[in-house]
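This is protein13.cif (mmCIF, C-alpha atoms).
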data_entry
loop_
_atom_site.group_PDB
_atom_site.id
_atom_site.type_symbol
_atom_site.label_atom_id
_atom_site.label_comp_id
_atom_site.auth_asym_id
_atom_site.auth_seq_id
_atom_site.Cartn_x
_atom_site.Cartn_y
_atom_site.Cartn_z
ATOM 1 C CA MET P 1 6.782 25.211 -0.799
ATOM 2 C CA MET P 2 6.762 21.537 -1.660
ATOM 3 C CA ILE P 3 3.892 19.754 0.094
ATOM 4 C CA LEU P 4 3.727 15.997 0.622
ATOM 5 C CA ASP P 5 0.238 14.576 0.788
ATOM 6 C CA SER P 6 -1.227 11.135 1.160
ATOM 7 C CA SER P 7 -2.874 11.026 -2.259
ATOM 8 C CA SER P 8 0.462 10.922 -4.105
ATOM 9 C CA THR P 9 1.285 7.340 -3.074
ATOM 10 C CA GLN P 10 -0.269 4.308 -1.457
ATOM 11 C CA LEU P 11 1.799 4.618 1.731
ATOM 12 C CA ASN P 12 0.152 4.125 5.080
ATOM 13 C CA LYS P 13 -0.057 7.025 7.511
ATOM 14 C CA LYS P 14 2.969 6.082 9.601
ATOM 15 C CA ALA P 15 5.269 5.684 6.592
ATOM 16 C CA GLU P 16 3.976 8.985 5.256
ATOM 17 C CA GLN P 17 4.680 10.625 8.618
ATOM 18 C CA ILE P 18 8.261 9.353 8.478
ATOM 19 C CA LEU P 19 8.799 10.641 4.933
ATOM 20 C CA LYS P 20 7.461 14.052 5.893
ATOM 21 C CA GLY P 21 9.963 14.142 8.724
ATOM 22 C CA ALA P 22 12.795 12.918 6.515
ATOM 23 C CA LEU P 23 12.354 15.518 3.770
ATOM 24 C CA PRO P 24 13.466 18.621 5.719
ATOM 25 C CA GLU P 25 16.349 16.684 7.242
ATOM 26 C CA PHE P 26 17.730 15.682 3.840
ATOM 27 C CA LEU P 27 17.167 19.179 2.454
ATOM 28 C CA GLU P 28 18.962 20.835 5.355
ATOM 29 C CA HIS P 29 21.835 18.418 5.918
ATOM 30 C CA GLY P 30 22.283 16.607 2.602
ATOM 31 C CA TYR P 31 22.359 12.857 2.171
ATOM 32 C CA ALA P 32 25.674 12.073 3.889
ATOM 33 C CA ALA P 33 25.067 14.196 7.000
ATOM 34 C CA THR P 34 21.450 13.189 7.597
ATOM 35 C CA ARG P 35 21.112 10.915 10.633
ATOM 36 C CA MET P 36 18.365 8.370 11.070
ATOM 37 C CA ASP P 37 17.934 9.228 14.759
ATOM 38 C CA GLN P 38 17.288 12.867 13.852
ATOM 39 C CA VAL P 39 14.814 11.796 11.142
ATOM 40 C CA ALA P 40 12.952 9.759 13.759
ATOM 41 C CA LYS P 41 12.880 12.747 16.117
ATOM 42 C CA THR P 42 11.648 15.142 13.445
ATOM 43 C CA ALA P 43 9.037 12.633 12.298
ATOM 44 C CA GLY P 44 7.864 12.068 15.855
ATOM 45 C CA VAL P 45 8.480 8.321 15.853
ATOM 46 C CA SER P 46 10.850 5.996 17.668
ATOM 47 C CA LYS P 47 13.990 4.681 15.968
ATOM 48 C CA GLN P 48 12.472 1.208 16.213
ATOM 49 C CA THR P 49 9.411 2.359 14.283
ATOM 50 C CA LEU P 50 11.580 4.093 11.687
ATOM 51 C CA TYR P 51 13.643 0.963 11.062
ATOM 52 C CA SER P 52 10.540 -1.196 10.909
ATOM 53 C CA TYR P 53 9.552 0.721 7.764
ATOM 54 C CA PHE P 54 12.962 1.532 6.268
ATOM 55 C CA ASP P 55 15.993 -0.730 6.679
ATOM 56 C CA ASP P 56 18.567 2.026 6.279
ATOM 57 C CA LYS P 57 19.121 5.588 5.117
ATOM 58 C CA GLU P 58 19.454 4.571 1.475
ATOM 59 C CA GLY P 59 16.102 2.787 1.616
ATOM 60 C CA LEU P 60 14.514 5.826 3.224
ATOM 61 C CA PHE P 61 15.952 8.203 0.639
ATOM 62 C CA THR P 62 14.883 5.899 -2.192
ATOM 63 C CA ALA P 63 11.313 5.876 -0.879
ATOM 64 C CA LEU P 64 11.400 9.651 -0.513
ATOM 65 C CA ILE P 65 12.529 10.082 -4.132
ATOM 66 C CA GLN P 66 9.650 7.954 -5.361
ATOM 67 C CA TYR P 67 7.186 9.742 -3.099
ATOM 68 C CA VAL P 68 8.178 13.259 -4.140
ATOM 69 C CA ALA P 69 8.511 12.305 -7.817
ATOM 70 C CA CYS P 70 5.045 10.759 -7.909
ATOM 71 C CA GLN P 71 3.588 13.827 -6.250
ATOM 72 C CA LYS P 72 5.068 16.210 -8.794
ATOM 73 C CA PHE P 73 4.106 13.944 -11.678
ATOM 74 C CA ARG P 74 0.517 13.849 -10.451
ATOM 75 C CA LEU P 75 0.332 17.640 -10.131
ATOM 76 C CA VAL P 76 1.478 18.186 -13.718
ATOM 77 C CA TRP P 77 0.256 15.154 -15.653
ATOM 78 C CA SER P 78 -2.844 13.851 -13.852
ATOM 79 C CA LYS P 79 -5.292 15.493 -16.281
ATOM 80 C CA PRO P 80 -5.511 14.082 -19.821
ATOM 81 C CA LEU P 81 -4.115 16.204 -22.647
ATOM 82 C CA ILE P 82 -7.258 17.031 -24.582
ATOM 83 C CA GLY P 83 -7.895 19.985 -26.854
ATOM 84 C CA GLU P 84 -6.440 22.204 -29.537
ATOM 85 C CA PRO P 85 -2.623 21.867 -29.675
ATOM 86 C CA ARG P 86 -1.664 25.497 -29.153
ATOM 87 C CA GLN P 87 -3.824 25.789 -26.048
ATOM 88 C CA VAL P 88 -2.819 22.389 -24.635
ATOM 89 C CA LEU P 89 0.908 22.949 -25.202
ATOM 90 C CA THR P 90 0.803 26.429 -23.679
ATOM 91 C CA GLN P 91 -1.131 25.330 -20.607
ATOM 92 C CA LEU P 92 1.090 22.288 -20.117
ATOM 93 C CA ALA P 93 4.275 24.341 -20.401
ATOM 94 C CA ARG P 94 2.996 26.886 -17.874
ATOM 95 C CA LEU P 95 2.030 24.087 -15.497
ATOM 96 C CA ILE P 96 5.475 22.486 -15.755
ATOM 97 C CA MET P 97 7.202 25.816 -15.155
ATOM 98 C CA THR P 98 4.986 26.573 -12.152
ATOM 99 C CA GLN P 99 5.091 23.194 -10.439
ATOM 100 C CA ILE P 100 8.758 22.362 -11.015
ATOM 101 C CA ASN P 101 9.992 25.852 -10.151
ATOM 102 C CA ASP P 102 9.670 25.217 -6.419
ATOM 103 C CA PRO P 103 12.696 26.043 -4.192
ATOM 104 C CA ASP P 104 12.328 22.934 -2.015
ATOM 105 C CA TYR P 105 11.801 20.704 -5.016
ATOM 106 C CA LEU P 106 14.849 22.137 -6.790
ATOM 107 C CA CYS P 107 16.922 21.573 -3.647
ATOM 108 C CA PHE P 108 15.748 17.985 -3.649
ATOM 109 C CA VAL P 109 16.708 17.595 -7.325
ATOM 110 C CA ARG P 110 20.132 19.088 -6.531
ATOM 111 C CA LEU P 111 20.523 16.504 -3.777
ATOM 112 C CA ILE P 112 19.673 13.660 -6.157
ATOM 113 C CA ILE P 113 22.174 14.969 -8.700
ATOM 114 C CA ALA P 114 24.855 15.206 -6.013
ATOM 115 C CA GLU P 115 24.313 11.566 -5.076
ATOM 116 C CA SER P 116 23.981 10.261 -8.638
ATOM 117 C CA GLY P 117 27.736 9.618 -8.958
ATOM 118 C CA LYS P 118 27.801 7.207 -6.033
ATOM 119 C CA HIS P 119 24.218 6.010 -6.399
ATOM 120 C CA PRO P 120 23.145 6.179 -10.065
ATOM 121 C CA GLU P 121 20.108 4.049 -9.253
ATOM 122 C CA LEU P 122 18.639 7.000 -7.328
ATOM 123 C CA SER P 123 18.692 9.361 -10.304
ATOM 124 C CA GLN P 124 17.392 6.540 -12.509
ATOM 125 C CA LEU P 125 14.476 6.021 -10.127
ATOM 126 C CA PHE P 126 13.707 9.730 -10.244
ATOM 127 C CA LEU P 127 13.697 9.767 -14.054
ATOM 128 C CA GLN P 128 11.574 6.624 -14.201
ATOM 129 C CA ASN P 129 8.929 8.271 -12.045
ATOM 130 C CA VAL P 130 8.939 11.717 -13.681
ATOM 131 C CA ALA P 131 10.623 12.172 -17.053
ATOM 132 C CA GLN P 132 9.927 8.779 -18.608
ATOM 133 C CA PRO P 133 6.119 8.737 -18.125
ATOM 134 C CA ALA P 134 5.880 12.460 -18.921
ATOM 135 C CA ILE P 135 7.612 12.010 -22.267
ATOM 136 C CA SER P 136 5.459 8.970 -23.008
ATOM 137 C CA ILE P 137 2.225 10.885 -22.353
ATOM 138 C CA PHE P 138 3.298 13.891 -24.413
ATOM 139 C CA LYS P 139 4.497 11.673 -27.270
ATOM 140 C CA GLY P 140 1.075 10.016 -27.303
ATOM 141 C CA TYR P 141 -0.652 13.392 -27.570
ATOM 142 C CA LEU P 142 1.538 14.421 -30.505
ATOM 143 C CA LYS P 143 0.749 11.168 -32.314
ATOM 144 C CA GLU P 144 -2.953 11.907 -31.942
ATOM 145 C CA HIS P 145 -2.526 15.199 -33.847
ATOM 146 C CA PRO P 146 -1.197 14.496 -37.358
ATOM 147 C CA GLU P 147 -2.012 18.067 -38.350
ATOM 148 C CA LEU P 148 1.137 19.082 -36.475
ATOM 149 C CA ARG P 149 3.199 17.117 -39.021
ATOM 150 C CA ILE P 150 5.609 15.841 -36.361
ATOM 151 C CA LYS P 151 8.069 13.372 -37.912
ATOM 152 C CA ASP P 152 9.406 12.034 -34.613
ATOM 153 C CA PRO P 153 7.025 12.614 -31.666
ATOM 154 C CA GLU P 154 9.442 11.071 -29.161
ATOM 155 C CA VAL P 155 12.257 13.455 -30.069
ATOM 156 C CA LEU P 156 9.913 16.427 -29.936
ATOM 157 C CA ALA P 157 8.621 15.313 -26.541
ATOM 158 C CA HIS P 158 12.227 15.292 -25.297
ATOM 159 C CA ILE P 159 12.784 18.757 -26.775
ATOM 160 C CA PHE P 160 9.602 20.187 -25.234
ATOM 161 C CA VAL P 161 10.107 18.827 -21.720
ATOM 162 C CA GLY P 162 13.890 19.247 -21.833
ATOM 163 C CA THR P 163 13.735 22.879 -22.887
ATOM 164 C CA LEU P 164 11.463 23.790 -19.990
ATOM 165 C CA ILE P 165 13.481 21.845 -17.411
ATOM 166 C CA HIS P 166 16.724 23.313 -18.749
ATOM 167 C CA ASN P 167 15.312 26.816 -18.321
ATOM 168 C CA ILE P 168 14.233 26.129 -14.743
ATOM 169 C CA LEU P 169 17.590 24.617 -13.771
ATOM 170 C CA THR P 170 19.774 27.262 -15.419
ATOM 171 C CA GLN P 171 17.676 30.212 -14.287
ATOM 172 C CA ASN P 172 17.175 29.123 -10.686
ATOM 173 C CA MET P 173 19.877 26.616 -9.747
ATOM 174 C CA LEU P 174 22.755 28.136 -11.709
ATOM 175 C CA SER P 175 21.857 31.827 -11.234
ATOM 176 C CA GLY P 176 21.114 32.194 -14.924
ATOM 177 C CA ASN P 177 18.426 34.732 -14.114
ATOM 178 C CA THR P 178 21.214 37.281 -13.625
ATOM 179 C CA ILE P 179 23.583 36.064 -16.377
ATOM 180 C CA ILE P 180 21.298 34.831 -19.176
ATOM 181 C CA PRO P 181 17.802 35.921 -18.081
ATOM 182 C CA MET P 182 14.845 34.486 -19.939
ATOM 183 C CA GLU P 183 11.226 35.206 -19.091
ATOM 184 C CA PRO P 184 9.214 31.966 -18.828
ATOM 185 C CA GLU P 185 6.315 33.285 -20.902
ATOM 186 C CA ARG P 186 8.631 34.377 -23.709
ATOM 187 C CA LEU P 187 10.221 30.936 -23.776
ATOM 188 C CA ILE P 188 6.863 29.156 -23.693
ATOM 189 C CA ASN P 189 5.362 31.240 -26.493
ATOM 190 C CA ASN P 190 8.323 30.674 -28.798
ATOM 191 C CA LEU P 191 8.590 26.977 -27.969
ATOM 192 C CA VAL P 192 4.914 26.410 -28.754
ATOM 193 C CA GLU P 193 5.244 28.474 -31.931
ATOM 194 C CA LEU P 194 8.163 26.314 -33.116
ATOM 195 C CA ILE P 195 6.110 23.152 -32.648
ATOM 196 C CA ILE P 196 2.907 24.504 -34.237
ATOM 197 C CA ASN P 197 4.717 25.961 -37.260
ATOM 198 C CA ASN P 198 7.458 23.369 -37.684
#
I'd like the structure from this file rewritten - as structure tokens, please.
Amino acid sequence: MMILDSSSTQLNKKAEQILKGALPEFLEHGYAATRMDQVAKTAGVSKQTLYSYFDDKEGLFTALIQYVACQKFRLVWSKPLIGEPRQVLTQLARLIMTQINDPDYLCFVRLIIAESGKHPELSQLFLQNVAQPAISIFKGYLKEHPELRIKDPEVLAHIFVGTLIHNILTQNMLSGNTIIPMEPERLINNLVELIINN
């Protein structure tokens, strides 16, 4: 289950309380059908208090995207990548697969994707808070290890992160686990092997 906690952002307690109330409402009803009055009720605040922190539903959803994205980023990338490449890459891949493969989180990602046509700035915000810094950190690690003989660390960072995310989305959001099943550990081992022995 996806857990929101105060350490993932600098929000005050009341704003955090509102976001915690908003999350299940958006997950259950989707963006269009979520009502601000119901968010206030679930969060245990008055509508006046809700609107004093968030001007409208779009502003609330935008804040929620940033909040959830920062939380997930912190869980996966908060510790520096230090150590022998095979071990670091394997541990990182397992951590990504474990933390991202969360039913509530995947529902939230699905919701962002559904709204990206009308509100591309929402998906851009999500990528700016998750994918962009993740790729930057991983690219930096690859540059620090010339023994890997990586010609383009940025491309390889995209391949590494993208392969894992693709597996999670296809296996769990698109029912690929019954059509094109792939065990996470098998994927991780072969992905790491490709990078180490490129």
Next item on the list: Work out how far apart CA of Thr98 (chain P) and CA of Tyr31 (chain P) are and give it in Å to one decimal.
Entry: 26.4 Å
Next item on the list: Using the chain letters and residue numbers of this document, give as JSON, numbers by chain the residues selected by the PyMOL selection byres ((chain P and resi 198) around 12).
Entry: {"P": [147, 148, 149, 150, 151, 152, 156, 190, 191, 192, 193, 194, 195, 196, 197]}
Check: Could you spell out the hits of the PyMOL selection byres ((chain P and resi 130) around 8) on the shown file, as JSON, numbers by chain?
Finding: {"P": [69, 70, 72, 73, 126, 127, 128, 129, 131, 132, 133, 134]}
Notebook entry, point to check: Which of these, P:Gly140, P:Ile100, P:Ile18, P:Pro181, has the shortest distance to Gln48 (chain P) once you count all atoms listed in the file?
Noted result: P:Ile18
Need the shell around Ala43 (chain P): protein/DNA/RNA residues with any atom at most 9 Å away, counting all atoms listed in the file. Skip same-chain ones fewer than 3 positions apart. Format as a JSON list (two decimals) with C-alpha atoms, in the frame of the given file?
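Written file, result_2.json:
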[["chain", "number", "residue", "atom", "x", "y", "z"],
["P", 17, "GLN", "CA", 4.68, 10.62, 8.62],
["P", 18, "ILE", "CA", 8.26, 9.35, 8.48],
["P", 19, "LEU", "CA", 8.80, 10.64, 4.93],
["P", 20, "LYS", "CA", 7.46, 14.05, 5.89],
["P", 21, "GLY", "CA", 9.96, 14.14, 8.72],
["P", 22, "ALA", "CA", 12.80, 12.92, 6.52],
["P", 38, "GLN", "CA", 17.29, 12.87, 13.85],
["P", 39, "VAL", "CA", 14.81, 11.80, 11.14],
["P", 40, "ALA", "CA", 12.95, 9.76, 13.76],
["P", 46, "SER", "CA", 10.85, 6.00, 17.67],
["P", 50, "LEU", "CA", 11.58, 4.09, 11.69]]
